[in-house]
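> Just one file: structure_9.txt, with compact mmCIF, C-alpha atoms.
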```
# COMPACT_ATOMS: atom_id res chain seq x y z
CA MET A 1 108.21 -94.29 105.90
CA THR A 2 109.16 -91.68 108.49
CA SER A 3 111.09 -88.53 107.62
CA GLU A 4 114.07 -89.83 109.66
CA GLU A 5 114.18 -93.02 107.61
CA ARG A 6 113.89 -91.00 104.45
CA ARG A 7 116.81 -88.80 105.52
CA ALA A 8 118.83 -91.87 106.47
CA LEU A 9 118.16 -93.31 103.03
CA SER A 10 119.40 -90.11 101.38
CA ASP A 11 122.51 -90.05 103.58
CA LEU A 12 123.34 -93.66 102.71
CA MET A 13 122.81 -92.99 99.02
CA ILE A 14 125.12 -89.95 99.19
CA ARG A 15 127.78 -92.08 100.91
CA LEU A 16 127.41 -94.79 98.28
CA ALA A 17 127.62 -92.25 95.45
CA ASP A 18 130.84 -90.98 97.02
CA GLY A 19 132.36 -94.46 97.02
CA ASP A 20 131.76 -95.56 100.59
CA ARG A 21 131.29 -99.33 100.26
CA ALA A 22 130.26 -99.63 103.91
CA ALA A 23 126.92 -98.02 102.97
CA CYS A 24 126.03 -100.90 100.61
CA ASP A 25 124.42 -103.27 103.09
CA PRO A 26 122.53 -100.77 105.27
CA LEU A 27 121.17 -99.17 102.12
CA PHE A 28 120.09 -102.56 100.81
CA ALA A 29 118.25 -103.33 104.05
CA LEU A 30 116.39 -100.03 103.83
CA LEU A 31 115.79 -99.90 100.09
CA TRP A 32 114.85 -103.44 99.06
CA PRO A 33 111.51 -103.67 100.94
CA LEU A 34 110.49 -100.28 99.53
CA VAL A 35 111.41 -101.17 95.95
CA PHE A 36 109.76 -104.58 96.23
CA SER A 37 106.46 -103.30 97.61
CA PHE A 38 106.39 -100.41 95.13
CA ALA A 39 106.94 -102.77 92.17
CA ASN A 40 104.21 -105.07 93.50
CA LYS A 41 101.83 -102.15 93.74
CA LEU A 42 102.60 -100.95 90.23
CA LEU A 43 102.37 -104.41 88.65
CA ALA A 44 99.55 -105.67 90.85
CA GLY A 45 99.23 -109.42 90.42
CA HIS A 46 101.75 -109.50 87.61
CA ALA A 47 103.98 -112.58 87.57
CA ASP A 48 107.04 -110.47 86.71
CA ALA A 49 106.68 -108.00 89.63
CA ALA A 50 109.50 -109.62 91.63
CA ASP A 51 111.71 -109.69 88.56
CA ALA A 52 111.04 -106.00 87.93
CA ALA A 53 111.86 -105.17 91.56
CA GLN A 54 115.19 -107.02 91.35
CA ARG A 55 116.10 -105.36 88.09
CA ALA A 56 115.23 -101.97 89.55
CA LEU A 57 117.41 -102.55 92.60
CA LEU A 58 120.37 -103.60 90.47
CA ARG A 59 119.86 -100.54 88.29
CA ILE A 60 119.79 -98.29 91.35
CA TYR A 61 123.10 -99.72 92.56
CA ALA A 62 124.68 -99.54 89.11
CA ARG A 63 123.69 -95.89 88.79
CA ALA A 64 124.52 -94.92 92.36
CA THR A 65 127.48 -92.81 91.17
CA GLU A 66 125.03 -90.62 89.21
CA PHE A 67 122.96 -89.80 92.28
CA ASP A 68 122.62 -86.06 92.79
CA ARG A 69 123.05 -85.28 96.50
CA ASP A 70 120.51 -82.44 96.26
CA ARG A 71 117.76 -84.85 95.27
CA ASP A 72 115.59 -87.03 97.44
CA ALA A 73 116.97 -90.59 97.33
CA LEU A 74 113.56 -92.22 97.77
CA ALA A 75 112.01 -90.34 94.85
CA TRP A 76 115.06 -91.12 92.71
CA ALA A 77 115.00 -94.83 93.55
CA LEU A 78 111.26 -95.14 93.01
CA GLY A 79 111.58 -93.31 89.70
CA ILE A 80 114.00 -95.97 88.51
CA THR A 81 111.67 -98.70 89.83
CA ARG A 82 108.72 -97.19 87.97
CA TRP A 83 110.75 -97.17 84.76
CA GLU A 84 111.75 -100.82 85.18
CA CYS A 85 108.15 -101.81 85.90
CA ARG A 86 107.02 -100.08 82.72
CA SER A 87 109.71 -101.90 80.73
CA VAL A 88 108.63 -105.25 82.17
CA ALA A 89 104.95 -104.53 81.49
CA ARG A 90 105.73 -103.54 77.90
CA ALA A 91 107.83 -106.66 77.36
CA ALA A 92 104.96 -108.80 78.68
CA GLU A 93 102.56 -107.02 76.34
CA ARG A 94 104.84 -107.70 73.38
CA ARG A 95 105.05 -111.37 74.35
CA ARG A 96 101.26 -111.57 74.29
CA GLU A 97 101.15 -110.12 70.78
CA GLU A 98 103.42 -112.80 69.35
CA PRO A 99 101.52 -115.73 67.74
CA ILE A 100 101.62 -119.11 69.42
CA ASP A 101 102.12 -122.01 67.01
CA GLY A 102 98.96 -124.07 66.52
CA ASP A 103 96.71 -121.69 68.42
CA PRO A 104 93.78 -120.79 66.09
CA ARG A 105 93.11 -117.64 68.15
CA MET A 106 96.57 -116.39 67.19
CA ASP A 107 95.82 -116.57 63.45
CA MET A 108 97.88 -113.75 61.93
CA ARG A 109 96.77 -114.27 58.29
CA SER A 110 95.70 -111.34 56.16
CA PRO A 111 91.95 -110.66 55.69
CA GLU A 112 92.32 -111.46 51.95
CA SER A 113 93.68 -114.94 52.58
CA VAL A 114 90.98 -115.62 55.17
CA LEU A 115 88.29 -114.54 52.67
CA LEU A 116 89.79 -116.68 49.90
CA GLU A 117 89.90 -119.71 52.14
CA THR A 118 86.30 -119.18 53.23
CA GLU A 119 85.19 -118.96 49.59
CA LEU A 120 87.06 -122.15 48.65
CA LEU A 121 85.54 -124.01 51.59
CA SER A 122 82.07 -122.82 50.63
CA LEU A 123 82.58 -123.97 47.01
CA PHE A 124 83.88 -127.33 48.18
CA GLU A 125 80.89 -127.84 50.47
CA ASN A 126 78.61 -126.93 47.58
CA ASP A 127 80.39 -129.49 45.36
CA LEU A 128 80.03 -132.16 48.02
CA SER A 129 76.32 -131.52 48.23
CA GLN A 130 76.08 -132.15 44.46
CA LEU A 131 77.41 -135.71 44.89
CA ALA A 132 74.98 -138.63 44.80
CA ALA A 133 73.98 -140.23 48.10
CA ARG A 134 75.98 -143.44 47.44
CA ASP A 135 79.11 -141.35 46.59
CA ARG A 136 78.75 -139.45 49.85
CA GLU A 137 78.41 -142.75 51.66
CA ALA A 138 81.51 -144.11 49.88
CA LEU A 139 83.54 -141.03 50.96
CA GLY A 140 82.35 -141.45 54.56
CA LEU A 141 80.41 -138.18 54.59
CA ASP A 142 77.13 -139.93 55.32
CA PRO A 143 76.61 -143.16 57.29
CA SER A 144 76.70 -146.25 55.07
CA PRO A 145 74.13 -149.11 55.53
CA ASN A 146 76.75 -151.84 54.77
CA PRO A 147 80.26 -150.47 55.48
CA GLY A 148 83.40 -152.40 54.61
CA GLY A 149 82.01 -154.26 51.56
CA PRO A 150 84.32 -155.86 48.96
CA THR A 151 83.69 -153.06 46.45
CA GLU A 152 84.28 -150.21 48.93
CA ARG A 153 87.70 -149.17 47.55
CA LYS A 154 86.38 -149.08 43.98
CA ARG A 155 83.32 -147.06 45.04
CA LYS A 156 85.53 -144.57 46.85
CA GLN A 157 87.74 -144.18 43.76
CA ARG A 158 84.71 -143.51 41.56
CA ALA A 159 83.26 -141.02 44.07
CA LEU A 160 86.56 -139.12 44.19
CA ALA A 161 86.75 -139.06 40.39
CA ARG A 162 83.27 -137.56 40.23
CA LEU A 163 84.15 -134.99 42.89
CA ARG A 164 87.26 -134.05 40.90
CA LEU A 165 85.15 -133.57 37.80
CA ILE A 166 82.77 -131.26 39.64
CA TRP A 167 85.69 -129.30 41.13
CA ARG A 168 87.35 -128.82 37.73
CA LYS A 169 84.28 -126.97 36.53
CA HIS A 170 85.41 -124.05 38.71
CA ASP A 171 88.68 -123.87 36.79
CA ARG A 172 86.73 -123.43 33.55
CA ASP A 173 84.52 -120.77 35.20
CA MET B 174 105.55 -115.79 92.62
CA THR B 175 109.21 -116.85 92.44
CA GLU B 176 111.21 -117.09 95.67
CA ILE B 177 113.87 -114.38 95.98
CA ASP B 178 117.29 -115.16 97.42
CA VAL B 179 118.00 -111.90 99.25
CA ASP B 180 121.64 -112.74 99.97
CA GLU B 181 122.31 -113.44 96.33
CA LEU B 182 120.50 -110.27 95.37
CA ARG B 183 122.68 -108.30 97.80
CA THR B 184 125.81 -109.77 96.22
CA ARG B 185 124.53 -108.95 92.75
CA ALA B 186 123.72 -105.42 93.85
CA ARG B 187 127.29 -104.97 95.08
CA GLN B 188 128.63 -106.30 91.79
CA ALA B 189 126.34 -103.94 89.87
CA TYR B 190 127.63 -101.08 92.01
CA GLU B 191 131.25 -101.95 91.24
CA ARG B 192 130.46 -102.20 87.54
CA GLY B 193 128.79 -98.81 87.71
CA ARG B 194 131.87 -97.30 89.34
CA TRP B 195 134.18 -98.77 86.68
CA ARG B 196 131.89 -97.35 84.01
CA ALA B 197 131.91 -93.93 85.69
CA GLY B 198 135.71 -94.11 85.84
CA ALA B 199 135.96 -94.95 82.15
CA ILE B 200 133.64 -92.06 81.27
CA SER B 201 135.68 -89.69 83.43
CA ALA B 202 138.86 -90.75 81.60
CA PHE B 203 137.58 -89.47 78.25
CA PRO B 204 138.99 -85.95 78.76
CA ALA B 205 142.45 -87.54 78.95
CA LEU B 206 141.98 -89.02 75.49
CA GLY B 207 140.78 -85.63 74.26
CA LEU B 208 143.91 -83.98 75.65
CA VAL B 209 146.11 -86.57 73.92
CA ALA B 210 144.35 -85.88 70.63
CA ILE B 211 144.77 -82.12 71.01
CA CYS B 212 148.47 -82.41 71.91
CA VAL B 213 149.18 -84.78 69.01
CA LEU B 214 147.28 -82.56 66.59
CA LEU B 215 149.30 -79.57 67.74
CA GLY B 216 152.44 -81.44 66.76
CA GLY B 217 153.54 -83.12 69.98
CA LYS B 218 155.50 -86.34 70.25
CA PRO B 219 152.77 -88.91 69.56
CA ILE B 220 154.18 -91.95 71.39
CA ALA B 221 155.31 -90.11 74.51
CA THR B 222 152.10 -88.07 74.62
CA ALA B 223 149.96 -91.19 74.18
CA LEU B 224 151.91 -92.91 76.96
CA ALA B 225 151.31 -90.00 79.31
CA GLY B 226 147.64 -90.02 78.26
CA VAL B 227 147.29 -93.73 78.98
CA VAL B 228 148.85 -93.32 82.43
CA LEU B 229 146.57 -90.35 83.10
CA ALA B 230 143.49 -92.28 81.95
CA GLY B 231 144.47 -95.24 84.14
CA LEU B 232 144.89 -92.99 87.16
CA ILE B 233 141.52 -91.37 86.57
CA VAL B 234 139.71 -94.70 86.15
CA MET B 235 141.32 -96.05 89.32
CA ALA B 236 140.61 -92.94 91.38
CA VAL B 237 136.99 -92.59 90.27
CA HIS B 238 136.35 -96.29 90.82
CA ARG B 239 137.82 -96.08 94.32
CA GLY B 240 135.78 -92.94 95.03
CA GLY B 241 135.91 -90.84 98.17
CA ALA B 242 138.78 -88.38 98.55
CA LEU B 243 140.69 -90.07 95.71
CA GLY B 244 137.80 -89.63 93.32
CA ARG B 245 137.31 -86.03 94.33
CA SER B 246 140.99 -85.24 93.70
CA VAL B 247 140.77 -85.96 89.96
CA ALA B 248 139.07 -82.74 88.86
CA PRO B 249 141.43 -80.42 90.84
CA GLY B 250 144.37 -82.43 89.50
CA LEU B 251 143.20 -81.96 85.93
CA VAL B 252 142.62 -78.24 86.46
CA ALA B 253 146.03 -77.79 88.12
CA GLY B 254 147.71 -79.83 85.39
CA ALA B 255 146.12 -77.64 82.73
CA LEU B 256 148.55 -74.83 83.72
CA PRO B 257 151.81 -76.62 82.79
CA LEU B 258 149.99 -78.22 79.85
CA ALA B 259 149.09 -74.82 78.42
CA ALA B 260 152.54 -73.44 79.29
CA GLY B 261 154.27 -76.31 77.47
CA LEU B 262 152.02 -75.92 74.43
CA VAL B 263 152.63 -72.16 74.04
CA ALA B 264 156.28 -71.99 75.18
CA CYS B 265 157.81 -73.12 71.90
CA ARG B 266 155.38 -71.01 69.87
CA ILE B 267 156.45 -67.72 71.42
CA PRO B 268 159.22 -66.29 69.24
CA HIS B 269 162.50 -66.40 71.21
CA PRO B 270 166.03 -67.75 70.72
CA CYS B 271 165.08 -71.31 71.70
CA GLY B 272 167.97 -73.56 72.63
CA GLY B 273 166.10 -76.85 72.11
CA PRO B 274 165.16 -79.27 74.89
CA GLY B 275 167.32 -77.49 77.47
CA CYS B 276 166.11 -73.98 76.59
CA LEU B 277 166.64 -71.83 79.67
CA GLU B 278 165.59 -68.68 77.89
CA LEU B 279 161.82 -69.20 78.13
CA CYS B 280 160.59 -72.82 77.71
CA ALA B 281 161.93 -74.53 80.84
CA PRO B 282 161.41 -71.49 83.14
CA LEU B 283 157.80 -71.23 81.89
CA CYS B 284 157.19 -74.91 82.65
CA LEU B 285 158.84 -74.47 86.06
CA ALA B 286 156.67 -71.46 86.88
CA ALA B 287 153.53 -73.30 85.72
CA GLY B 288 154.54 -76.31 87.84
CA VAL B 289 154.97 -74.09 90.92
CA LEU B 290 151.56 -72.51 90.38
CA ALA B 291 149.93 -75.90 89.82
CA GLY B 292 151.54 -77.29 92.98
CA VAL B 293 150.45 -74.36 95.13
CA ALA B 294 146.92 -74.39 93.69
CA LEU B 295 146.50 -78.11 94.31
CA ALA B 296 147.95 -77.98 97.83
CA VAL B 297 145.69 -75.06 98.73
CA HIS B 298 142.66 -76.81 97.27
CA THR B 299 143.29 -79.99 99.25
CA HIS B 300 143.52 -77.79 102.35
CA ARG B 301 140.03 -78.86 103.33
CA THR B 302 140.73 -82.55 103.04
CA THR B 303 143.07 -84.10 105.58
CA ARG B 304 144.10 -87.14 103.53
CA ARG B 305 147.53 -87.14 101.97
CA SER B 306 146.44 -89.76 99.42
CA SER B 307 144.13 -87.20 97.87
CA LEU B 308 147.02 -84.76 97.38
CA ALA B 309 149.18 -87.56 96.00
CA MET B 310 146.53 -88.64 93.51
CA GLY B 311 145.75 -85.04 92.53
CA GLY B 312 149.48 -84.45 92.08
CA ALA B 313 149.90 -87.53 89.91
CA VAL B 314 146.96 -86.48 87.74
CA ALA B 315 148.32 -82.93 87.47
CA LEU B 316 151.83 -84.13 86.57
CA CYS B 317 150.53 -86.49 83.89
CA THR B 318 148.32 -83.75 82.45
CA GLY B 319 151.13 -81.22 82.51
CA ALA B 320 153.59 -83.73 81.07
CA MET B 321 151.59 -83.92 77.85
CA GLY B 322 152.24 -80.20 77.31
CA CYS B 323 155.80 -80.05 78.66
CA LEU B 324 156.80 -82.94 76.39
CA PHE B 325 156.76 -80.31 73.63
CA VAL B 326 159.64 -78.55 75.32
CA GLY B 327 161.55 -81.74 76.05
CA LEU B 328 163.48 -82.97 79.06
CA GLY B 329 164.11 -79.44 80.35
CA GLY B 330 160.38 -78.71 80.39
CA MET B 331 159.55 -81.98 82.13
CA VAL B 332 162.20 -81.54 84.82
CA GLY B 333 161.23 -77.91 85.28
CA MET B 334 157.57 -78.76 85.71
CA GLY B 335 158.35 -81.61 88.11
CA LEU B 336 160.63 -79.52 90.31
CA GLY B 337 158.24 -76.59 90.21
CA PHE B 338 155.30 -78.75 91.18
CA LEU B 339 157.23 -80.31 94.07
CA ALA B 340 158.27 -76.90 95.34
CA GLY B 341 154.81 -75.42 94.88
CA SER B 342 152.97 -78.25 96.61
CA THR B 343 155.47 -78.20 99.49
CA VAL B 344 155.01 -74.47 99.93
CA GLY B 345 151.25 -74.84 99.71
CA SER B 346 151.21 -77.66 102.24
CA VAL B 347 153.48 -75.82 104.69
CA ALA B 348 151.40 -72.68 104.35
CA ARG B 349 148.27 -74.53 105.42
CA LEU B 350 149.88 -76.18 108.44
CA PRO B 351 148.97 -73.43 110.97
CA ASN B 352 145.34 -73.62 109.83
CA SER B 353 145.13 -77.38 110.01
CA SER B 354 146.64 -77.51 113.49
CA SER B 355 144.18 -74.93 114.84
```
Translate this structure into structure tokens?

Amino acid sequence: MTSEERRALSDLMIRLADGDRAACDPLFALLWPLVFSFANKLLAGHADAADAAQRALLRIYARATEFDRDRDALAWALGITRWECRSVARAAERRREEPIDGDPRMDMRSPESVLLETELLSLFENDLSQLAARDREALGLDPSPNPGGPTERKRKQRALARLRLIWRKHDRD
Amino acid sequence: MTEIDVDELRTRARQAYERGRWRAGAISAFPALGLVAICVLLGGKPIATALAGVVLAGLIVMAVHRGGALGRSVAPGLVAGALPLAAGLVACRIPHPCGGPGCLELCAPLCLAAGVLAGVALAVHTHRTTRRSSLAMGGAVALCTGAMGCLFVGLGGMVGMGLGFLAGSTVGSVARLPNSSS
């Protein structure tokens, strides 16, 4: 940006701050490409860069009355853009921290509950290993040589009863 | 990346600008509410004072939102109006044989003198600006501000301030004519 353009930008911003509505469109034409490219640079590759640039531009216009005529308009506008980009980046970061339902990577349980569950699973696996081979076959844990026999339901019931008995030993311990 | 409708964005920017100006106007009107509170606390007529305060606040919001010369005339108007405001507030507190709302001993003449001074000061200040609307808005702001004080005195104070202001601003405007024509 040349120094003439920069001065023109400041002049337009001063006019807008003073209430001259005719400065709105020329200022927009000068300011929008700058704000847009600056936001894209700050949030390189970020999906919300365009959104941040738009929000920054609206903020600049909303706060135009606060513009101090002794300040450089470009620095002032880019300061607001930087702030908006930071807000957008922070919001995106917060979104990432929120758990997604059903995603095991987003497990937000406490370390105690994770440890307890691991212990229970280990005990259960140990109990399963104590079952006889035919009980394991009846529960479908091991492949059965003759699946779907007439006594399958009864065998499964007996295997579950035995597993329950083994599991109840932990309660007594 | 999402496609940006630049025309829509321009419209939204304009709307944001207008909202910002209304907000600035509302913030600028807060001193008017402060003045109303002070005048009521000092024992002024609450309803009449509040009415003058509301009119003053409305004028300030409108002028600041419009901006330009109108917006710039608010501060001088408030400063000029502070003279009759102060005069009205102290007039009845100075020990003298006060004859009520039409007191010609001290109250009304004090408001008249303050009005003249306010008119001259405002006319001289708007010397640099060529727009009559700025003087009119500044005058309206000054009269509303002063009215809150002169309401203490009553009708005599109000009329005195109004006539004084008219005379003062006329004198001030006539006095600047040779300069503005050169």
> Using only C-alpha atoms, which residues sit within 9 Å of stretch 44-50 of chain A once same-chain residues fewer than 3 positions away are excluded, as a list in words?
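Contacts, in chain order: Phe36, Ala39, Asn40, Lys41, Ala53, Gln54, Arg55, Cys85, Val88, Ala89 and Ala92 of chain A; Met174, Thr175, Glu176 and Ile177 of chain B.
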> Could you write out that same residue set with C-alpha atoms as a CSV table (one decimal), in the frame of the given file?

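This went into out-v3.csv:
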```
chain,number,residue,atom,x,y,z
A,36,PHE,CA,109.8,-104.6,96.2
A,39,ALA,CA,106.9,-102.8,92.2
A,40,ASN,CA,104.2,-105.1,93.5
A,41,LYS,CA,101.8,-102.2,93.7
A,53,ALA,CA,111.9,-105.2,91.6
A,54,GLN,CA,115.2,-107.0,91.4
A,55,ARG,CA,116.1,-105.4,88.1
A,85,CYS,CA,108.2,-101.8,85.9
A,88,VAL,CA,108.6,-105.2,82.2
A,89,ALA,CA,105.0,-104.5,81.5
A,92,ALA,CA,105.0,-108.8,78.7
B,174,MET,CA,105.6,-115.8,92.6
B,175,THR,CA,109.2,-116.8,92.4
B,176,GLU,CA,111.2,-117.1,95.7
B,177,ILE,CA,113.9,-114.4,96.0
```
> Of the candidates B:Ala186, B:Leu339, B:Val252, B:Ala296, which shows the shortest atom-to-atom distance to A:Phe28, using all atoms listed in the file?
B:Ala186
> Could you please determine the separation between atom CA of A:Ile80 and atom CA of A:Ala62 in Å, to one decimal place?
11.3 Å
> Atom CA of B:Thr299 and atom CA of B:Ala236, how far apart in Å?
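Separation between atom CA of B:Ala236 and atom CA of B:Thr299: 15.4 Å.
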> Please report, as a tab-separated table, each residue of chain B lying at most 10 Å from chain A, together with the nearest pair of atoms and the separation in Å rounded to one decimal; use all atoms listed in the file, and order rows by chain and ascending residue number.

```
residue	atom	partner	partner_atom	distance
B:Met174	CA	A:Ala47	CA	6.2
B:Thr175	CA	A:Ala50	CA	7.3
B:Glu176	CA	A:Ala50	CA	8.7
B:Ile177	CA	A:Ala50	CA	7.8
B:Val179	CA	A:Trp32	CA	9.0
B:Leu182	CA	A:Gln54	CA	7.4
B:Arg183	CA	A:Phe28	CA	7.0
B:Thr184	CA	A:Asp25	CA	9.6
B:Arg185	CA	A:Leu58	CA	7.2
B:Ala186	CA	A:Leu58	CA	5.1
B:Arg187	CA	A:Cys24	CA	7.0
B:Gln188	CA	A:Ala62	CA	8.3
B:Ala189	CA	A:Ala62	CA	4.8
B:Tyr190	CA	A:Ala62	CA	4.4
B:Glu191	CA	A:Ala62	CA	7.3
B:Arg192	CA	A:Ala62	CA	6.6
B:Gly193	CA	A:Ala62	CA	4.4
B:Arg194	CA	A:Thr65	CA	6.5
B:Trp195	CA	A:Ala62	CA	9.8
B:Arg196	CA	A:Ala62	CA	9.1
B:Ala197	CA	A:Thr65	CA	7.1
B:Gly198	CA	A:Thr65	CA	9.9
B:Val237	CA	A:Gly19	CA	8.4
B:His238	CA	A:Gly19	CA	7.6
B:Arg239	CA	A:Gly19	CA	6.3
B:Gly240	CA	A:Gly19	CA	4.2
B:Gly241	CA	A:Gly19	CA	5.2
B:Ala242	CA	A:Asp18	CA	8.5
B:Leu243	CA	A:Gly19	CA	9.5
B:Gly244	CA	A:Asp18	CA	8.0
B:Arg245	CA	A:Asp18	CA	8.6
```
> As an exercise, work out the distance from atom CA of A:Arg71 to atom CA of A:Ile14 in Å and give it to one decimal place.
9.8 Å
> With only C-alpha atoms as the atoms that count, which of B:Ala264, B:Ala225, B:Cys284, B:Ala253 lies nearest to B:Ser342?
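Going through B:Ala264, B:Ala225, B:Cys284, B:Ala253 one by one, the smallest distance to B:Ser342 is for B:Ala253.
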> Residues within 10 Å of B:Gly231, please, as a list in words. Count all atoms listed in the file; anything in the same chain fewer than 2 positions from it doesn't count.
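Here the answer would be Gly198, Ala199, Ala202, Ala205, Ala225, Gly226, Val227, Val228, Leu229, Ile233, Val234, Met235, Ala236 and Val314 of chain B.
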> Give as a compact mmCIF listing (two decimals) with C-alpha atoms, keeping the file's coordinate frame the set of residues within 10 Å of the point (154.8, -78.4, 74.0), where distances use the file's coordinates and all atoms listed in the file.

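Produced file out-v4.txt, reproduced below:
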```
# COMPACT_ATOMS: atom_id res chain seq x y z
CA CYS B 212 148.47 -82.41 71.91
CA VAL B 213 149.18 -84.78 69.01
CA LEU B 215 149.30 -79.57 67.74
CA GLY B 216 152.44 -81.44 66.76
CA GLY B 217 153.54 -83.12 69.98
CA LYS B 218 155.50 -86.34 70.25
CA PRO B 257 151.81 -76.62 82.79
CA LEU B 258 149.99 -78.22 79.85
CA ALA B 259 149.09 -74.82 78.42
CA ALA B 260 152.54 -73.44 79.29
CA GLY B 261 154.27 -76.31 77.47
CA LEU B 262 152.02 -75.92 74.43
CA VAL B 263 152.63 -72.16 74.04
CA ALA B 264 156.28 -71.99 75.18
CA CYS B 265 157.81 -73.12 71.90
CA ARG B 266 155.38 -71.01 69.87
CA CYS B 280 160.59 -72.82 77.71
CA CYS B 284 157.19 -74.91 82.65
CA GLY B 319 151.13 -81.22 82.51
CA ALA B 320 153.59 -83.73 81.07
CA MET B 321 151.59 -83.92 77.85
CA GLY B 322 152.24 -80.20 77.31
CA CYS B 323 155.80 -80.05 78.66
CA LEU B 324 156.80 -82.94 76.39
CA PHE B 325 156.76 -80.31 73.63
CA VAL B 326 159.64 -78.55 75.32
CA GLY B 327 161.55 -81.74 76.05
CA GLY B 330 160.38 -78.71 80.39
```
> Could you work out an axis-aligned box for stretch 124-139 of chain A, taking every atom the file lists and adding 5 Å on each side, and report centre and edge lengths in Å to one decimal, as JSON?

```
{"center_x": 78.9, "center_y": -135.5, "center_z": 48.1, "size_x": 19.9, "size_y": 27.2, "size_z": 17.2}
```
> Please produce stretch 222-236 of chain B, completed to N, CA, C and O atoms, as a PDB file, keeping the file's coordinate frame.

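Resulting contents of result23.pdb:
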```pdb
ATOM      1  N   THR B 222     153.353 -88.705  74.207  1.00  0.00           N
ATOM      2  CA  THR B 222     152.100 -88.070  74.620  1.00  0.00           C
ATOM      3  C   THR B 222     151.034 -89.135  74.897  1.00  0.00           C
ATOM      4  O   THR B 222     150.305 -89.062  75.898  1.00  0.00           O
ATOM      5  N   ALA B 223     150.950 -90.119  73.998  1.00  0.00           N
ATOM      6  CA  ALA B 223     149.960 -91.190  74.180  1.00  0.00           C
ATOM      7  C   ALA B 223     150.249 -91.975  75.455  1.00  0.00           C
ATOM      8  O   ALA B 223     149.324 -92.348  76.193  1.00  0.00           O
ATOM      9  N   LEU B 224     151.532 -92.185  75.744  1.00  0.00           N
ATOM     10  CA  LEU B 224     151.910 -92.910  76.960  1.00  0.00           C
ATOM     11  C   LEU B 224     151.465 -92.140  78.207  1.00  0.00           C
ATOM     12  O   LEU B 224     150.887 -92.722  79.134  1.00  0.00           O
ATOM     13  N   ALA B 225     151.739 -90.834  78.182  1.00  0.00           N
ATOM     14  CA  ALA B 225     151.310 -90.000  79.310  1.00  0.00           C
ATOM     15  C   ALA B 225     149.790 -90.006  79.432  1.00  0.00           C
ATOM     16  O   ALA B 225     149.241 -90.049  80.545  1.00  0.00           O
ATOM     17  N   GLY B 226     149.112 -89.992  78.275  1.00  0.00           N
ATOM     18  CA  GLY B 226     147.640 -90.020  78.260  1.00  0.00           C
ATOM     19  C   GLY B 226     147.099 -91.315  78.829  1.00  0.00           C
ATOM     20  O   GLY B 226     146.128 -91.307  79.584  1.00  0.00           O
ATOM     21  N   VAL B 227     147.742 -92.423  78.485  1.00  0.00           N
ATOM     22  CA  VAL B 227     147.290 -93.730  78.980  1.00  0.00           C
ATOM     23  C   VAL B 227     147.461 -93.800  80.500  1.00  0.00           C
ATOM     24  O   VAL B 227     146.577 -94.272  81.227  1.00  0.00           O
ATOM     25  N   VAL B 228     148.608 -93.322  80.973  1.00  0.00           N
ATOM     26  CA  VAL B 228     148.850 -93.320  82.430  1.00  0.00           C
ATOM     27  C   VAL B 228     147.812 -92.440  83.119  1.00  0.00           C
ATOM     28  O   VAL B 228     147.229 -92.812  84.147  1.00  0.00           O
ATOM     29  N   LEU B 229     147.559 -91.278  82.527  1.00  0.00           N
ATOM     30  CA  LEU B 229     146.570 -90.350  83.100  1.00  0.00           C
ATOM     31  C   LEU B 229     145.184 -91.004  83.137  1.00  0.00           C
ATOM     32  O   LEU B 229     144.489 -90.951  84.166  1.00  0.00           O
ATOM     33  N   ALA B 230     144.804 -91.627  82.011  1.00  0.00           N
ATOM     34  CA  ALA B 230     143.490 -92.280  81.950  1.00  0.00           C
ATOM     35  C   ALA B 230     143.391 -93.393  82.996  1.00  0.00           C
ATOM     36  O   ALA B 230     142.374 -93.526  83.684  1.00  0.00           O
ATOM     37  N   GLY B 231     144.457 -94.160  83.138  1.00  0.00           N
ATOM     38  CA  GLY B 231     144.470 -95.240  84.140  1.00  0.00           C
ATOM     39  C   GLY B 231     144.299 -94.699  85.545  1.00  0.00           C
ATOM     40  O   GLY B 231     143.540 -95.250  86.347  1.00  0.00           O
ATOM     41  N   LEU B 232     145.005 -93.598  85.827  1.00  0.00           N
ATOM     42  CA  LEU B 232     144.890 -92.990  87.160  1.00  0.00           C
ATOM     43  C   LEU B 232     143.471 -92.503  87.426  1.00  0.00           C
ATOM     44  O   LEU B 232     142.933 -92.691  88.519  1.00  0.00           O
ATOM     45  N   ILE B 233     142.877 -91.898  86.404  1.00  0.00           N
ATOM     46  CA  ILE B 233     141.520 -91.370  86.570  1.00  0.00           C
ATOM     47  C   ILE B 233     140.522 -92.505  86.810  1.00  0.00           C
ATOM     48  O   ILE B 233     139.693 -92.443  87.723  1.00  0.00           O
ATOM     49  N   VAL B 234     140.636 -93.562  85.995  1.00  0.00           N
ATOM     50  CA  VAL B 234     139.710 -94.700  86.150  1.00  0.00           C
ATOM     51  C   VAL B 234     139.840 -95.287  87.558  1.00  0.00           C
ATOM     52  O   VAL B 234     138.846 -95.538  88.241  1.00  0.00           O
ATOM     53  N   MET B 235     141.083 -95.453  87.994  1.00  0.00           N
ATOM     54  CA  MET B 235     141.320 -96.050  89.320  1.00  0.00           C
ATOM     55  C   MET B 235     140.768 -95.152  90.432  1.00  0.00           C
ATOM     56  O   MET B 235     140.102 -95.638  91.341  1.00  0.00           O
ATOM     57  N   ALA B 236     141.030 -93.865  90.317  1.00  0.00           N
ATOM     58  CA  ALA B 236     140.610 -92.940  91.380  1.00  0.00           C
ATOM     59  C   ALA B 236     139.089 -92.821  91.443  1.00  0.00           C
ATOM     60  O   ALA B 236     138.505 -92.853  92.532  1.00  0.00           O
TER      61      ALA B 236
END
```
